[in-house]
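Engineer: Okay, here's the structure, questions in a sec.
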Amino acid sequence: MKASGLGWAVLLVLLGLVVKGKAEIYIVTVEGEPIISYKGGENGFEATAVESDEKLDTTSELVTSYASHLEKKHDMLLGMLFEHGSYKKLYSYKHLINGFSVHLSPQQAETLKRAPGVKSVERDWKVRKLTTHTPQFLGLPTGVWPAGGGFDRAGEDIVIGFVDSGIYPHHPSFAAHHDDPYGPVPKYRGKCEIDPDTKRDFCNGKIIGAQYFAEAAKAAGAFNPTIDFASPMDGDGHGSHTAAIAAGNNGIPVRLHGHEFGKASGMAPRARIAVYKAIYRLFGGFVADVVAAIDQAVHDGVDILSLSVGPNSPPTNTKTTFLNPFDATLLAAVKAGVFVAQAAGNGGPFPKTLVSYSPWIASVAAAIDDRRYKNHLNLGNGKALAGLGLSPSTHPNQTYTMVAANDVLLDSSATKFSPSDCQRPEVLNKKLVEGNILLCGYSFNFVVGTASIKKVSETAKALGAVGFVLAVENVSPGTKFDPVPVGIPGILITDVSKTMDLIDYYNVSTPRDWTGRVKSFKAIGSIGDGLMPILHKSAPEVALFSARGPNIRDFSFQDADLLKPDILAPGSLIWAAWSPNGTDEPNFVGEGFALISGTSMAAPHIAGIAALLKQKHPQWSPAAIKSALMTTSTKLDRAGRPLQAQQYSETEAMKLVPATPFDYGSGHVNPRAALDPGLIFDAGILAFCFGSWPLYL
């Protein structure tokens, strides 16, 4: 037997010497149970699996020795197959799944597939981000926080893990208060990495864990330490925003441009934050890094996982969308007692656009809450044009001359810079703009992010304008307009018909010579106050961008017999912390807070509320928490009418239609009711095999 085994090994090594093709990243699973489900059977290694209501002690000798055993087997398999230096192992996965990720050639991957003991070899795929007032909207201050001892105890000792773009640890939303210090959390065993710039770790009692995962990104050549930061530092803004929504401190003033927009709070303001950075500003992330982050988070002892990330598309190489290493890792996390909330995706309002497939987690759709920001532009002909503008008004009872950017160019050569975008003050004539309202055009550059409303504001201010108007002349399907806070009067006209009214009035009021040059500017107007929100009883509504069901079975988009999304939560125009060096939203570069939308914002709402439920019911399983959230959710809006969903219209940018479970799942979350649901449906663990993956019911 030994001789034949040696011959097999030599043959495989010879096969491994033939290495052709560009190396790629693969996720490999092998036979044998991971720590979470190993019930014994291997000589010298006792069982490590625990019952569903028990926490695994990852520091025990049983667990550490079995983990070392699995990693040695991974290394041995690769060493027997391939010549040293022809591959690079990135991670060993031992806790939730048994396998590893490796950087090697397609030919080597084929060799791996044929090797004894290998269950699956899948090429890595990309993931992306699925990018205040909501505590009051959800009734937390009066109906939920008192049950946990008030806002200053809401979420006490519950650890929420965030697999995202990192965190900006110096933000007041994540500060540890000296008058009410945090105590130790013995159940959590994570570590805090050191900031290579400041030489200080990222933790302070509020933040209790901070690590980053980028081995796959580095192997793929996508990682740039200058802008991506080789640390848990948030170079994007997204991770800080999601962490603050779920667990940010209570009562943090949201100040931008000299105005306070209210006070921000996380859903569970006393919960602890554990950061597992695996998403980066330019390229998103790789599943190999995300799986490593999730595996580590569960190993460290988090109670809740918030995932505002998802795949770019359904997996192409699995027969069922949720039977792949990523979703199998989530299954094992739930089996380990960790509740997982994942963003449903932002591909709405089209059907079958969900990118959160797992039956065992909470897939969260995004709702619009009752707070809306509107503004108006008053023209000299008496018309008032509605628009968006989170800005102060021009001086009351006073009108100002309006000048179009294309009419105030310093030089005709400036047309190559798209001057109507108002991104470059140096190409416009300050003498003609000063003291007037600058009219700008909303081009495709704003859609792709190379132009921003923030820059329009800065241009207008640099030229001495009293304010600006940004007018949309063409609307592409899927274009989403959000109000942006600016320091001077400004408004975005999103309705094309209103833009035509503005253009017609401007042209009639602006005489020109035979060459088309303006002789005098006679159009006048004023900008209203857009700083105060308007509260609507029609809330909540399913947001236009929120991904819709039904869930799909495979890459061919066949229906799966599985209802998704699971639940609806606020995800539109959410104020929360931001990283000053974040670039995810060009309108908030350099700011401490951002107002952004996405199912990325909805998922941490559910994660934070789940932390409150876990605090009150510490013995509840993830399935019990999910049951409480879903069975108590509401299908009615504030006015008592059935929920509606935003949808595209042939004549307008958007219309409202009756919502269905494929839009909202079980309904909109109701935290007060979920705290005491009266009845829960738990799910036990019964292992059986489906293909090469174990499933649990």
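Residues in the structure tokens are numbered from 1 in each chain, the chains being A, B, ... in the order shown, and ligands are numbered from 1 in the order shown.
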Write out as a ChimeraX atom specification which residues come within 10 Å of Leu70 (chain A) when counting only C-alpha atoms, dropping same-chain ones fewer than 4 positions away.
Structural biologist: /A:30,32-35,64-66,74-76,92-95,98-100
Engineer: Between CA of Ala603 (chain A) and CA of Ala274 (chain A), what is the spacing in Å?
Structural biologist: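 CA of Ala603 (chain A) lies 16.0 Å from CA of Ala274 (chain A).
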Engineer: Would you give me, as JSON lines, each residue of region 569-652 of chain A having an atom within 9 Å of an atom of region 335-338 of chain A, along with its shortest atom pair and that distance in Å to one decimal, using only C-alpha atoms and sorting by chain and residue number?
Structural biologist:
```
{"residue": "A:Trp620", "atom": "CA", "partner": "A:Gly337", "partner_atom": "CA", "distance": 8.8}
{"residue": "A:Ser621", "atom": "CA", "partner": "A:Gly337", "partner_atom": "CA", "distance": 5.9}
{"residue": "A:Pro622", "atom": "CA", "partner": "A:Gly337", "partner_atom": "CA", "distance": 6.0}
{"residue": "A:Ala623", "atom": "CA", "partner": "A:Gly337", "partner_atom": "CA", "distance": 9.0}
```
Engineer: From the DSSP assignment of the backbone, select every residue of region 143-344 of chain A that is helix (DSSP H, G or I), and format the answer as an MDAnalysis selection string.
Structural biologist: chainID A and resid 143 145:148 172:174 215:219 225:228 238:247 287:300 325:335
